[in-house]
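Please read the structure below before turning to the comments.
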Amino acid sequence: MAKIVVDPITRIEGHLRIEAQVDGGRVADAWSSSTMFRGIEIILKGRDPRDAWLFTQRICGVCTMVHAGASVRAVENALGIAVPPNAQLIRQLILGAQTIQDHVIHFYHLSALDWVDAVNALQADPAKTAATAQSISEWPQSSATYFRGVQQKLKALADSGQLSILTNGYWGHPAYRLPPEVNLIAVAHYLEALDWQRRFIQVHAILGAKNPHPQTYLVGGVARPVDLSSQAALNDHDLAKMRELFREAAELVNQLYLPDLKAIASFYPEWTGYGAGVGNYLAYGDYPETVTGRYAEEAPSFFLPGGVIFQRQLDKLQPVDPGKITEYVTHSWYRYPDEGHGRQPIDGITDPHYTGPEPPYDFLKTDGKYSWIKAPRYEERPMEVGPLARMLVAYAAGHQKVRALTGQVLQDLKLDTTALFSTLGRHAARCLETVLLAGKMEDLLDRLSTSIGHGDLRIHNNEYWDPASWPKEASGHGTLEAPRGALGHWIRIKDRKILNYQAVVPSTWNGGPRDAAGQRGPYEAALVGTPVADPERPLEILRTIHSFDPCMACAVHLLDLRGRWRHAVRVV
Amino acid sequence: MTDTSSLQAALAHHGLTRRDFLKFCSALTTLLALPGNAAAQIAASLWRKPKPPVVYLEFQDCAGCTESLLRSPSPTIAQIVLSDVSLNYHETIMAAAGKQAEEAKQQTIREGGYLLMVEGSIPVGTRAACCIGGRSAVDLLKEAAAKAAAIVSVGNCACFGNIPAADPNPTGAVGVWDVVSGVSIVNMAGCPPNPANLAALVAHFITFRDLPKMDNLNRPLFAYGGRIHDYCERRAHFDAGRYVEAWGDEGHRLGWCLYKMGCKGPATFHNCPSIRWNLATSWPVGAGHGCVGCSEIRFWDRMTPFYERLPEAAVIHTKVDLNSIAKWMAVASAAGVAGHAVGSSIRGKLRSRDERKKQQGETREK
């Protein structure tokens, strides 16, 4: 059987390599390998736990802020700190804005070109394009003149002979199925969404100074003061600006993203039959409706609930228990004393041991260790996390809005719920979640406005700011629903310093390799059965991998419990 | 005859390594003699085609610099990649993948005369800590640098190693200029760099077909020529002795100085206060959190702990005795002087982790 390699997998965050065996035009087996690591958790050892969020935030600049959010929650959990309601709401607004922006960028800029033949858009008739656009959406920019203008820009690029980011794309590939007019709509909206995202993320600047890497988190709250009577604090200007940005986002999500998703999906119905993967789903849940300041206590009120689903059994939702998580290194470039068993994150060992081929290499040794990602398991099973997991858990929990939205989209596309367990199902779930959150932002803003309006100016709990007030030893964890899925940070503090830090990250769950029992990770499982029309141009592999929205810098988490790292790493 | 032993002794006395000295010499050479020639060479090679080709490599990165570039105010990212340049390789946003992506890059490299942009540090210790297409980052960087017209290190990781190189630097991560020589390198520092500065640099290339004037760390003066503290909107409060004492207190709500909350603005060269972030909406100090010094070399080790005020943190860019700074800072009228003293020297001594820990211990005991 021919083995093909796709490396780099582009249009993702980070460095991902897929090796696949293709037999009879389909993927028979696949291996997912992360080929980069940095060791941020090792760097954290011995540092001030109040600084940790700034370090962990740099785990990822695409889903920026999520590792900051999980980090302060972990330290607050360890030290028993309750954060004031305003801080809790500001953090939720930052997370919601991040998720909306991230999902839109993923659809248009990271994954659309898997389905959209950009060069084919040159063949479109602008008048027919306008008619098509107007039939699926009320978005105002939809005239023939407008689409002709976009087409001319594209033509200028093609005529220049310098295709820039479109160089060497899979243009003309038989797996592209959209008519030229839909391709042109998608190209136009690629550009509109690109312009929108930089305006929308002003929300992060208003609440957190800047993006990427907002700079406002504090252990115990946030650093953004609120005061309607001060020009230096969050005030009416900011509240009004955010409301405008949220309304604009809701319009874009409902009038561009959702109609485009449905339009594109309708041309690829067979992709609801590919890419199902492991069929197990996990979400911690997030966005508490009841604010107590202690995150763990707020779980029953989460707007997006937590839970676990095994084997697609939506009628058997189970509560999620982080204590049931273990990680394997059987196929990862690390060592355990006993590699036949997984280890819980709080007792994890990361003893790196690169046994891969010396670069340059053609193939990894996939029967042995082949990735810098560990293999996390929940009750010994591989789990998919992310928007699909969150929407399925919410659906199973009877979330009315999620049920109504999902039902509507499935009905429009003439599909049933089983269609969700697929490559296209992931895209649909991500879009539905964006619609849901875009409708939630004004509610969060109202709650913040009401709180400030009632004179609550608290943004930080100073009680435990001074490390002298801390116990000699403490440990805790913080969870968060990042755009790409369930994120958990674990911390041990000793003598006011970080003794040990570990993150189990969405793309670790989804992109991890096999475990001791040989169970494939979610990417690997999802690829099995994916058709590959032309092994020289494996467009279909990108489709299924991109549906997970990989974030590889996040996925590689490293921790050194006993300071052995430095000695274990050798020049290879 | 060169007396190397006394040169080394003199360098050691100032806390400088031989490498620091060589970098200083090369920066000086650039300043004194090279601009005209370099400009002509860059212009001649980059503009052989209608649009300058660009190869953008990502190594040990978080893609935050790329995300920052996507937020560019003007020219916008669409303008840059569709009209201003031909971005022939950029893993995060290019259409092609795998073999086709690598071919696009190889074609550009074969033709030569492109702008090479690099994001992320390069592991020279554990080379397998960053591989793309089965090749190591070191190998890929050297190959792409060999025929580049100029290099832009985008963000602190590519400039100086940054967070992967933070103590104990588990993978032996370094910046581009530690691996590459013989080609002009612009360091767009920051974690991430401000997209307005990246856009301005692209605009500078296109308008003047030349490199901008740079400081001794190869950072363009238009972005890194002034100290945050000197352009800070809260400077008047610093001068008047009005400080935030606790997060959320009255001073915090009124926008007073964040120096006592650990602000590193007095030791940081960056134009955040002038151009701000995200369409000039805000910036860290403006939004109530101190500067963390993210445009400075090795700020993760030299500016931490982030919430301790400057003279007590083992981070300073200076040969001036810390105690004397602390004394000056105690005198209200001399406060401004201390701020200037903090950033006055060229390259500070990089303290080891042990020294840092020791100092933290001493600070606590005070």
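Residues are named by chain letter and number: chains run A, B, ... in the order of the structure tokens, numbers start at 1 in each chain, and ligands are numbered from 1 in the order shown.
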Could you list, as a count of residues only, every residue within 12 Å of Ser230 of chain A, counting only C-alpha atoms and ignoring same-chain residues fewer than 2 positions away? 19
All helix (DSSP H, G or I) residues (DSSP, backbone) inside segment 147-387 of chain A, as JSON, numbers by chain: {"A": [147, 148, 149, 150, 151, 152, 153, 154, 155, 156, 157, 158, 159, 164, 165, 166, 180, 181, 182, 183, 184, 185, 186, 187, 188, 189, 190, 191, 192, 193, 194, 195, 196, 197, 198, 199, 200, 202, 203, 204, 205, 206, 207, 208, 236, 237, 238, 239, 240, 241, 242, 243, 244, 245, 246, 247, 248, 249, 250, 251, 252, 253, 254, 255, 256, 257, 258, 259, 260, 261, 262, 263, 264, 265, 266, 269, 270, 271, 272, 295, 296, 297, 298, 299, 300, 301, 322, 323, 324, 345, 346, 347, 387]}
Best match for closeness to chain A among B:Gly125, B:Gly190, B:Gly225, B:Gly241, counting only C-alpha atoms: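 Looking only at the distances to chain A, the closest residue turns out to be B:Gly125.
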Could you jot down the atom CA of Leu314 of chain A to atom CA of Trp31 of chain A separation for me, Å, one decimal place?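 We find that atom CA of Leu314 of chain A and atom CA of Trp31 of chain A lie 28.4 Å from each other.
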Selected residue of minimal separation from Thr290 of chain A among A:Leu436, A:Arg335, A:Pro535, A:Phe303, counting only C-alpha atoms: A:Phe303
Just want the 10 Å neighbourhood of Ala196 of chain B, counted on only C-alpha atoms, with same-chain residues fewer than 4 positions away dropped. Output as a short mmCIF file (atom, residue, chain, number, x, y, z; two decimals) with N, CA and C atoms, in the first residue's frame.
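Wrote out_0.cif, looks like this:
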```cif
data_model
loop_
_atom_site.label_atom_id
_atom_site.label_comp_id
_atom_site.auth_asym_id
_atom_site.auth_seq_id
_atom_site.Cartn_x
_atom_site.Cartn_y
_atom_site.Cartn_z
N SER B 68 -1.29 38.91 14.39
CA SER B 68 -1.10 40.35 14.50
C SER B 68 -1.07 40.99 13.11
N LEU B 69 -0.33 40.35 12.21
CA LEU B 69 -0.25 40.85 10.83
C LEU B 69 -1.64 40.90 10.18
N ARG B 71 -4.26 41.72 11.53
CA ARG B 71 -5.00 42.87 12.06
C ARG B 71 -4.46 44.19 11.52
N SER B 72 -3.58 44.13 10.54
CA SER B 72 -2.91 45.33 10.05
C SER B 72 -3.89 46.44 9.68
N PRO B 73 -3.64 47.67 10.18
CA PRO B 73 -4.57 48.78 9.91
C PRO B 73 -4.46 49.29 8.47
N SER B 74 -3.26 49.72 8.05
CA SER B 74 -3.08 50.15 6.67
C SER B 74 -1.60 50.14 6.32
N PRO B 75 -1.21 49.53 5.22
CA PRO B 75 -2.07 48.77 4.34
C PRO B 75 -2.66 47.55 5.03
N THR B 76 -3.86 47.15 4.63
CA THR B 76 -4.49 45.98 5.23
C THR B 76 -3.80 44.72 4.73
N ALA B 200 3.83 49.36 8.53
CA ALA B 200 4.67 50.51 8.21
C ALA B 200 5.99 50.06 7.60
N LEU B 201 6.51 48.93 8.09
CA LEU B 201 7.76 48.41 7.54
C LEU B 201 7.56 48.00 6.08
N VAL B 202 6.46 47.30 5.81
CA VAL B 202 6.16 46.90 4.43
C VAL B 202 6.03 48.16 3.56
N ALA B 223 9.68 52.65 15.28
CA ALA B 223 8.83 51.89 16.21
C ALA B 223 9.47 51.70 17.58
N CYS B 272 4.10 51.84 21.57
CA CYS B 272 2.70 51.55 21.96
C CYS B 272 1.91 52.80 22.36
N ILE B 275 1.10 54.80 18.88
CA ILE B 275 0.23 54.25 17.83
C ILE B 275 -0.86 53.35 18.38
N ARG B 276 -0.70 52.88 19.61
CA ARG B 276 -1.68 52.01 20.27
C ARG B 276 -1.94 50.76 19.43
N TRP B 277 -2.96 49.99 19.81
CA TRP B 277 -3.19 48.68 19.19
C TRP B 277 -4.60 48.58 18.61
N ASN B 278 -4.75 47.67 17.66
CA ASN B 278 -6.07 47.33 17.10
C ASN B 278 -6.82 48.56 16.64
N LEU B 279 -6.33 49.15 15.56
CA LEU B 279 -6.91 50.35 14.99
C LEU B 279 -6.87 51.49 16.01
N ALA B 280 -5.73 51.56 16.70
CA ALA B 280 -5.46 52.64 17.66
C ALA B 280 -6.50 52.71 18.78
#
```
Point-to-point distance from atom CA of Pro180 of chain A to atom CA of Leu154 of chain A, Å rounded to tenths: 13.0 Å
Distance query Asn169 of chain B at most 12 Å, only C-alpha atoms, self and fewer than 2 positions along chain excluded, as an mmCIF file with N, CA and C atoms, in the first residue's frame:
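And here's selection_8.cif as it stands now:
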```
data_model
loop_
_atom_site.group_PDB
_atom_site.id
_atom_site.type_symbol
_atom_site.label_atom_id
_atom_site.label_comp_id
_atom_site.auth_asym_id
_atom_site.auth_seq_id
_atom_site.Cartn_x
_atom_site.Cartn_y
_atom_site.Cartn_z
ATOM 1 N N PHE A 37 8.119 21.442 19.462
ATOM 2 C CA PHE A 37 7.859 21.702 20.887
ATOM 3 C C PHE A 37 8.790 22.787 21.414
ATOM 4 N N ARG A 38 8.355 23.408 22.516
ATOM 5 C CA ARG A 38 9.115 24.518 23.095
ATOM 6 C C ARG A 38 9.433 24.301 24.569
ATOM 7 N N GLY A 39 8.462 23.755 25.323
ATOM 8 C CA GLY A 39 8.733 23.498 26.747
ATOM 9 C C GLY A 39 8.350 24.626 27.681
ATOM 10 N N ILE A 40 7.226 25.273 27.411
ATOM 11 C CA ILE A 40 6.826 26.422 28.225
ATOM 12 C C ILE A 40 6.554 26.021 29.680
ATOM 13 N N GLU A 41 6.034 24.808 29.902
ATOM 14 C CA GLU A 41 5.747 24.395 31.274
ATOM 15 C C GLU A 41 7.030 24.219 32.093
ATOM 16 N N ILE A 42 8.092 23.858 31.409
ATOM 17 C CA ILE A 42 9.381 23.727 32.109
ATOM 18 C C ILE A 42 9.886 25.108 32.492
ATOM 19 N N ILE A 43 9.687 26.043 31.561
ATOM 20 C CA ILE A 43 10.141 27.404 31.781
ATOM 21 C C ILE A 43 9.386 28.027 32.958
ATOM 22 N N LEU A 44 8.162 27.566 33.198
ATOM 23 C CA LEU A 44 7.343 28.132 34.279
ATOM 24 C C LEU A 44 7.824 27.725 35.671
ATOM 25 N N LYS A 45 8.527 26.622 35.741
ATOM 26 C CA LYS A 45 8.931 26.132 37.065
ATOM 27 C C LYS A 45 9.749 27.173 37.821
ATOM 28 N N TRP A 565 14.193 17.394 32.701
ATOM 29 C CA TRP A 565 14.162 17.743 31.284
ATOM 30 C C TRP A 565 15.529 18.115 30.721
ATOM 31 N N ARG A 566 16.163 19.034 31.404
ATOM 32 C CA ARG A 566 17.388 19.593 30.858
ATOM 33 C C ARG A 566 18.420 18.513 30.540
ATOM 34 N N VAL A 569 17.137 16.059 27.373
ATOM 35 C CA VAL A 569 17.163 16.508 25.992
ATOM 36 C C VAL A 569 18.588 16.480 25.466
ATOM 37 N N SER B 121 11.300 31.058 17.083
ATOM 38 C CA SER B 121 12.712 30.842 17.354
ATOM 39 C C SER B 121 13.185 29.562 16.669
ATOM 40 N N ILE B 122 14.484 29.363 16.692
ATOM 41 C CA ILE B 122 15.088 28.218 16.018
ATOM 42 C C ILE B 122 15.804 27.368 17.068
ATOM 43 N N PRO B 123 15.393 26.106 17.231
ATOM 44 C CA PRO B 123 16.074 25.272 18.225
ATOM 45 C C PRO B 123 17.390 24.741 17.660
ATOM 46 N N VAL B 124 18.486 25.216 18.209
ATOM 47 C CA VAL B 124 19.781 24.712 17.750
ATOM 48 C C VAL B 124 20.302 23.626 18.691
ATOM 49 N N GLY B 125 19.657 23.496 19.860
ATOM 50 C CA GLY B 125 20.020 22.423 20.787
ATOM 51 C C GLY B 125 19.374 21.116 20.359
ATOM 52 N N THR B 126 18.044 21.072 20.446
ATOM 53 C CA THR B 126 17.297 19.890 20.012
ATOM 54 C C THR B 126 16.726 20.176 18.630
ATOM 55 N N GLY B 161 14.860 34.852 20.330
ATOM 56 C CA GLY B 161 14.610 33.568 21.002
ATOM 57 C C GLY B 161 13.372 33.609 21.880
ATOM 58 N N ASN B 162 13.211 34.708 22.614
ATOM 59 C CA ASN B 162 11.997 34.983 23.387
ATOM 60 C C ASN B 162 11.576 33.842 24.302
ATOM 61 N N ILE B 163 10.280 33.529 24.322
ATOM 62 C CA ILE B 163 9.786 32.613 25.368
ATOM 63 C C ILE B 163 10.380 31.203 25.269
ATOM 64 N N PRO B 164 10.586 30.638 24.072
ATOM 65 C CA PRO B 164 11.226 29.310 24.073
ATOM 66 C C PRO B 164 12.654 29.373 24.642
ATOM 67 N N ALA B 165 13.276 30.553 24.540
ATOM 68 C CA ALA B 165 14.646 30.707 25.037
ATOM 69 C C ALA B 165 14.681 31.155 26.485
ATOM 70 N N ALA B 166 13.499 31.350 27.094
ATOM 71 C CA ALA B 166 13.487 31.758 28.499
ATOM 72 C C ALA B 166 14.112 30.653 29.339
ATOM 73 N N ASP B 167 14.743 31.057 30.392
ATOM 74 C CA ASP B 167 15.448 30.128 31.257
ATOM 75 C C ASP B 167 14.541 28.968 31.684
ATOM 76 N N THR B 171 15.077 23.845 24.678
ATOM 77 C CA THR B 171 15.421 23.299 23.366
ATOM 78 C C THR B 171 16.622 23.984 22.729
ATOM 79 N N GLY B 172 17.246 24.918 23.468
ATOM 80 C CA GLY B 172 18.352 25.664 22.870
ATOM 81 C C GLY B 172 17.871 26.602 21.786
ATOM 82 N N ALA B 173 16.781 27.320 22.069
ATOM 83 C CA ALA B 173 16.169 28.203 21.073
ATOM 84 C C ALA B 173 16.949 29.505 20.941
ATOM 85 N N VAL B 174 17.115 29.969 19.700
ATOM 86 C CA VAL B 174 17.814 31.233 19.443
ATOM 87 C C VAL B 174 17.054 32.033 18.389
ATOM 88 N N ARG B 298 15.122 39.152 25.841
ATOM 89 C CA ARG B 298 15.027 38.282 27.016
ATOM 90 C C ARG B 298 14.158 38.868 28.133
ATOM 91 N N TRP B 300 11.423 37.852 29.321
ATOM 92 C CA TRP B 300 10.819 36.861 30.222
ATOM 93 C C TRP B 300 11.706 36.581 31.420
ATOM 94 N N ASP B 301 12.993 36.800 31.278
ATOM 95 C CA ASP B 301 13.889 36.598 32.408
ATOM 96 C C ASP B 301 14.266 37.926 33.063
ATOM 97 N N SER B 352 21.782 35.267 35.442
ATOM 98 C CA SER B 352 21.419 33.850 35.446
ATOM 99 C C SER B 352 20.195 33.650 36.328
ATOM 100 N N ARG B 353 19.576 32.483 36.161
ATOM 101 C CA ARG B 353 18.389 32.172 36.951
ATOM 102 C C ARG B 353 18.719 32.198 38.441
#
```
